[in-house]
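> Submitted below is the structure of interest, expressed as structure tokens.
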Number of protein chains: 4
Amino acid sequence: MTVGKFCSREVVVASKDSTIIDVARLMRQHHVGDVVIVDSNGNGDQPKPIGIITDRDIVVELIACEVSFDAVSVGDVMSFELITAREQDSIWKTLHRLRTKGVRRIPVVNDEGGLEGILTVDDLLELLAEELILLAKVPAREQMLEKETKP
Amino acid sequence: MTVGKFCSREVVVASKDSTIIDVARLMRQHHVGDVVIVDSNGNGDQPKPIGIITDRDIVVELIACEVSFDAVSVGDVMSFELITAREQDSIWKTLHRLRTKGVRRIPVVNDEGGLEGILTVDDLLELLAEELILLAKVPAREQMLEKETKP
Amino acid sequence: MTVGKFCSREVVVASKDSTIIDVARLMRQHHVGDVVIVDSNGNGDQPKPIGIITDRDIVVELIACEVSFDAVSVGDVMSFELITAREQDSIWKTLHRLRTKGVRRIPVVNDEGGLEGILTVDDLLELLAEELILLAKVPAREQMLEKETKP
Amino acid sequence: MTVGKFCSREVVVASKDSTIIDVARLMRQHHVGDVVIVDSNGNGDQPKPIGIITDRDIVVELIACEVSFDAVSVGDVMSFELITAREQDSIWKTLHRLRTKGVRRIPVVNDEGGLEGILTVDDLLELLAEELILLAKVPAREQMLEKETKP
């Protein structure tokens with residue numbers, strides 16, 4: 001399975017000039033903990049992700065350090081090293097990258113680098129748990145089919 | 001959770017004087033791969049498990065060695081060292097014992113040693129998979145409740 | 001297994017009179033996303049948990065609503081309905097409560113209501129994944145023991 | 001991940017003219033519960049799987065029905081409908097097929113139908129359990145990296 005087939009297509013985005021309060025409002029309004037920061041070049045291309053900002057970033061980078069929200073924009077706070085996955089990447093490979101990089105979410109991009117979706121550790125847990133349920137049901141299925149064919 | 005709350009109560013049993021063909025018929029009829037061998041002392045007590053025999057035992061102990069079925073009874077073939085779990089044992093502890101002993105199934109007994117049920121690796125996989133599904137649904141549930149309380 | 005045997009004993013705490021900035025500093029300093037708010041009655045008893053505050057609460061309750069940090073204390077923001085687990089509660093039961101309540105973490109208390117630890121969804125995922133590994137290793141163990149006893 | 005990258009390359013095989021005792025000996029000697037029946041056309045091509053026989057088949061099809069081993073060959077007992085996976089098939093798709101078909105093992109073939117390996121439910125459980133461990137470690141990894149970069 002590829003990342004593109006499984007990731008969520010609903011991504012909450014903001015530009016790097018957004019204020020911290022703008023982003024906090026997006027997090028409240030859309031019930032998400034992260035906002036992907038995108039660069040829209042204005043010529044109609046799919047916006048490209050350039051960073052990500054989480055509710056945690058706002059607390060530990062700004063509030064804990066008493067940085068005034070007026071003094072900074074989202075571009076100053078977002079994670080500088082953005083890790084992305086391509087739509088055609090495999091789920092397995094991407095899971096290993098999340099583990100190595102210690103990140104819980106990864107924006108998904110197309111071949112031109114345009115933002116297409118987001119994949120989270122929570123999504124992957126759901127996927128693996130559902131596959132395990134399938135696996136766990138093989139013995140019962142085997143028994144049921146044996147009952148039918150050899151009653 | 002205790003083994004007694006979770007194990008299967010339907011156990012296919014035979015006496016140690018049963019023939020191999022008797023046991024094979026039980027396996028076919030009840031669609032199981034193992035039969036618990038019990039000792040009924042005849043005074044009305046719950047029968048006590050004294051061994052277990054699997055379809056595999058019959059193949060590798062008898063057929064592969066060209067032992068005639070007439071020459072042996074189930075008591076000669078069954079696993080001599082029987083591992084049992086008590087109803088009040090914890091699922092965790094029992095899982096660890098299955099792992100250590102390398103067995104896929106364990107008869108469950110009451111305080112008097114009477115047979116009460118059987119617990120298999122397949123049962124435990126189903127249990128863990130279902131718990132994982134619950135765990136995987138916590139984030140979505142959290143988000144849903146946030147949507148309700150802070151729309 | 002009980003919650004008391006498995007929960008983490010290191011809990012970051014604050015009083016309800018703490019400022020939001022105090023709590024944000026604790027989150028940064030201890031690398032945690034939640035702080036348990038406790039009531040210390042001053043007579044030497046174990047402090048009792050009265051609420052919990054997460055990095056997300058700070059962002060969606062305060063920043064998104066442009067509430068000044070000077071205007072509120074932690075006690076005004078923390079979750080008003082605190083769900084706790086007792087040390088002797090079973091892991092299974094507690095997992096089901098986390099699912100139903102849609103919370104990712106639960107403070108653990110003793111019989112007097114004193115704070116003893118904290119249990120998170122992340123902890124439980126680790127536990128279940130480790131148990132699954134044990135389960136997955138039963139067949140290989142079974143085969144290895146067969147090789148040893150019936151070479 | 002593809003089936004070819006993950007399946008076991010060691011498959012125990014027999015021809016359809018083998019006796020039941022031959023196959024039972026293979027199961028004992030190689031500590032396996034299934035033997036893949038192959039058709040070798042004799043011109044040096046990779047043998048093609050044409051059926052599969054398990055220890056259980058021998059017990060429920062032959063012993064339970066008191067069929068004499070002299071009266072049948074492996075070709076009479078093996079599962080008539082053989083389900084195979086191709087090396088390039090995805091693990092996910094194959095897991096779903098195992099579930100639907102209620103089989104615990106599936107021979108893996110190349111483009112010419114030649115036998116290349118075997119994939120079992122036990123293998124897949126190991127894989128999923130290991131991926132879950134990785135997933136479970138993401139939060140600790142995230143915290144560790146935060147400690148390093150923001151001490």
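If you're wondering about the labels, chains in the structure tokens are A, B, ... by order shown, residues count from 1 in each chain, ligands from 1 in order shown.
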Which chain A residues are at most 7 Å from chain C (counting only C-alpha atoms), as JSON, numbers by chain?
{"A": [21, 24, 25, 27, 28, 55, 56, 59, 60, 63, 64]}
> Selected residues, all heavy atoms, written as a short mmCIF file (atom, residue, chain, number, x, y, z; two decimals), in the first residue's frame, please.

data_model
loop_
_atom_site.label_atom_id
_atom_site.label_comp_id
_atom_site.auth_asym_id
_atom_site.auth_seq_id
_atom_site.Cartn_x
_atom_site.Cartn_y
_atom_site.Cartn_z
N ILE A 21 -1.65 33.57 16.60
CA ILE A 21 -3.08 33.50 16.97
C ILE A 21 -3.92 32.94 15.82
O ILE A 21 -4.82 32.13 16.04
CB ILE A 21 -3.57 34.90 17.43
CG1 ILE A 21 -2.91 35.24 18.77
CG2 ILE A 21 -5.10 34.92 17.57
CD1 ILE A 21 -3.03 36.68 19.19
N ALA A 24 -3.42 29.22 16.01
CA ALA A 24 -4.11 28.65 17.18
C ALA A 24 -5.61 28.54 16.89
O ALA A 24 -6.26 27.56 17.27
CB ALA A 24 -3.85 29.51 18.42
N ARG A 25 -6.14 29.55 16.22
CA ARG A 25 -7.57 29.51 15.86
C ARG A 25 -7.86 28.36 14.91
O ARG A 25 -8.88 27.67 15.04
CB ARG A 25 -7.97 30.83 15.18
CG ARG A 25 -8.31 31.92 16.16
CD ARG A 25 -8.98 33.09 15.42
NE ARG A 25 -9.03 34.24 16.29
CZ ARG A 25 -8.52 35.44 15.99
NH1 ARG A 25 -7.94 35.65 14.82
NH2 ARG A 25 -8.62 36.42 16.86
N MET A 27 -6.24 25.60 14.74
CA MET A 27 -6.16 24.36 15.54
C MET A 27 -7.44 24.13 16.33
O MET A 27 -7.92 23.00 16.45
CB MET A 27 -4.95 24.42 16.49
CG MET A 27 -3.62 24.29 15.77
SD MET A 27 -2.22 24.49 16.91
CE MET A 27 -0.84 24.21 15.77
N ARG A 28 -7.99 25.20 16.86
CA ARG A 28 -9.24 25.08 17.63
C ARG A 28 -10.43 24.76 16.72
O ARG A 28 -11.23 23.88 17.01
CB ARG A 28 -9.51 26.39 18.39
CG ARG A 28 -10.78 26.33 19.22
CD ARG A 28 -11.12 27.64 19.92
NE ARG A 28 -12.41 27.52 20.58
CZ ARG A 28 -12.59 27.30 21.87
NH1 ARG A 28 -11.54 27.21 22.67
NH2 ARG A 28 -13.80 27.17 22.38
N ASP A 55 0.70 22.42 18.22
CA ASP A 55 0.29 23.12 19.44
C ASP A 55 1.45 23.11 20.45
O ASP A 55 1.71 24.09 21.13
CB ASP A 55 -1.01 22.53 20.02
CG ASP A 55 -1.08 21.01 20.00
OD1 ASP A 55 -0.03 20.35 19.84
OD2 ASP A 55 -2.20 20.48 20.14
N ARG A 56 2.16 22.00 20.47
CA ARG A 56 3.30 21.89 21.40
C ARG A 56 4.39 22.92 21.09
O ARG A 56 4.97 23.51 22.00
CB ARG A 56 3.87 20.48 21.32
CG ARG A 56 5.11 20.30 22.17
CD ARG A 56 5.45 18.86 22.48
NE ARG A 56 6.54 18.82 23.45
CZ ARG A 56 6.38 19.06 24.73
NH1 ARG A 56 5.19 19.32 25.22
NH2 ARG A 56 7.42 19.05 25.55
N VAL A 59 3.66 26.21 22.61
CA VAL A 59 3.82 26.26 24.07
C VAL A 59 5.29 26.25 24.47
O VAL A 59 5.74 27.08 25.27
CB VAL A 59 3.05 25.09 24.74
CG1 VAL A 59 3.40 24.99 26.22
CG2 VAL A 59 1.55 25.28 24.55
N VAL A 60 6.08 25.32 23.91
CA VAL A 60 7.45 25.20 24.41
C VAL A 60 8.42 26.21 23.77
O VAL A 60 9.43 26.56 24.39
CB VAL A 60 8.02 23.76 24.28
CG1 VAL A 60 7.17 22.76 25.04
CG2 VAL A 60 8.18 23.34 22.84
N ILE A 63 5.62 30.33 24.57
CA ILE A 63 5.10 30.66 25.91
C ILE A 63 6.14 30.38 26.99
O ILE A 63 6.40 31.22 27.85
CB ILE A 63 3.79 29.89 26.18
CG1 ILE A 63 2.79 30.17 25.05
CG2 ILE A 63 3.20 30.31 27.53
CD1 ILE A 63 1.47 29.46 25.19
N ALA A 64 6.78 29.20 26.91
CA ALA A 64 7.78 28.85 27.93
C ALA A 64 8.94 29.85 27.94
O ALA A 64 9.60 30.06 28.95
CB ALA A 64 8.29 27.43 27.70
#
> Go through region 4-143 of chain D and collect every residue that DSSP, computed from the backbone, puts in alpha helix (DSSP H); the answer should be as a PyMOL selection string.
chain D and resi 4-6+20-30+55-57+74-77+91-101+121-143
> Skipping near chain neighbours, those fewer than 4 positions away, what residues fall within 7 Å of Ile91 (chain B) using only C-alpha atoms, listed as a count of residues only?
4
> Would you list the contacts of Asp45 (chain C) as a list in words, taking every protein, DNA or RNA residue within 12 Å and counting only C-alpha atoms, but skipping same-chain residues closer than 2 positions in sequence?
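Surrounding residues, per the criterion: Val38, Asp39, Ser40, Asn41, Gly42, Asn43, Pro47, Lys48, Asn110, Glu112, Gly113, Gly114, Leu115 and Glu116 of chain C.
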> Return as a PyMOL selection string the full set of residues in region 20-137 of chain B whose backbone-based DSSP assignment is strand (DSSP E or B).
chain B and resi 34-39+48-54+85-86+90+105-109+115-120
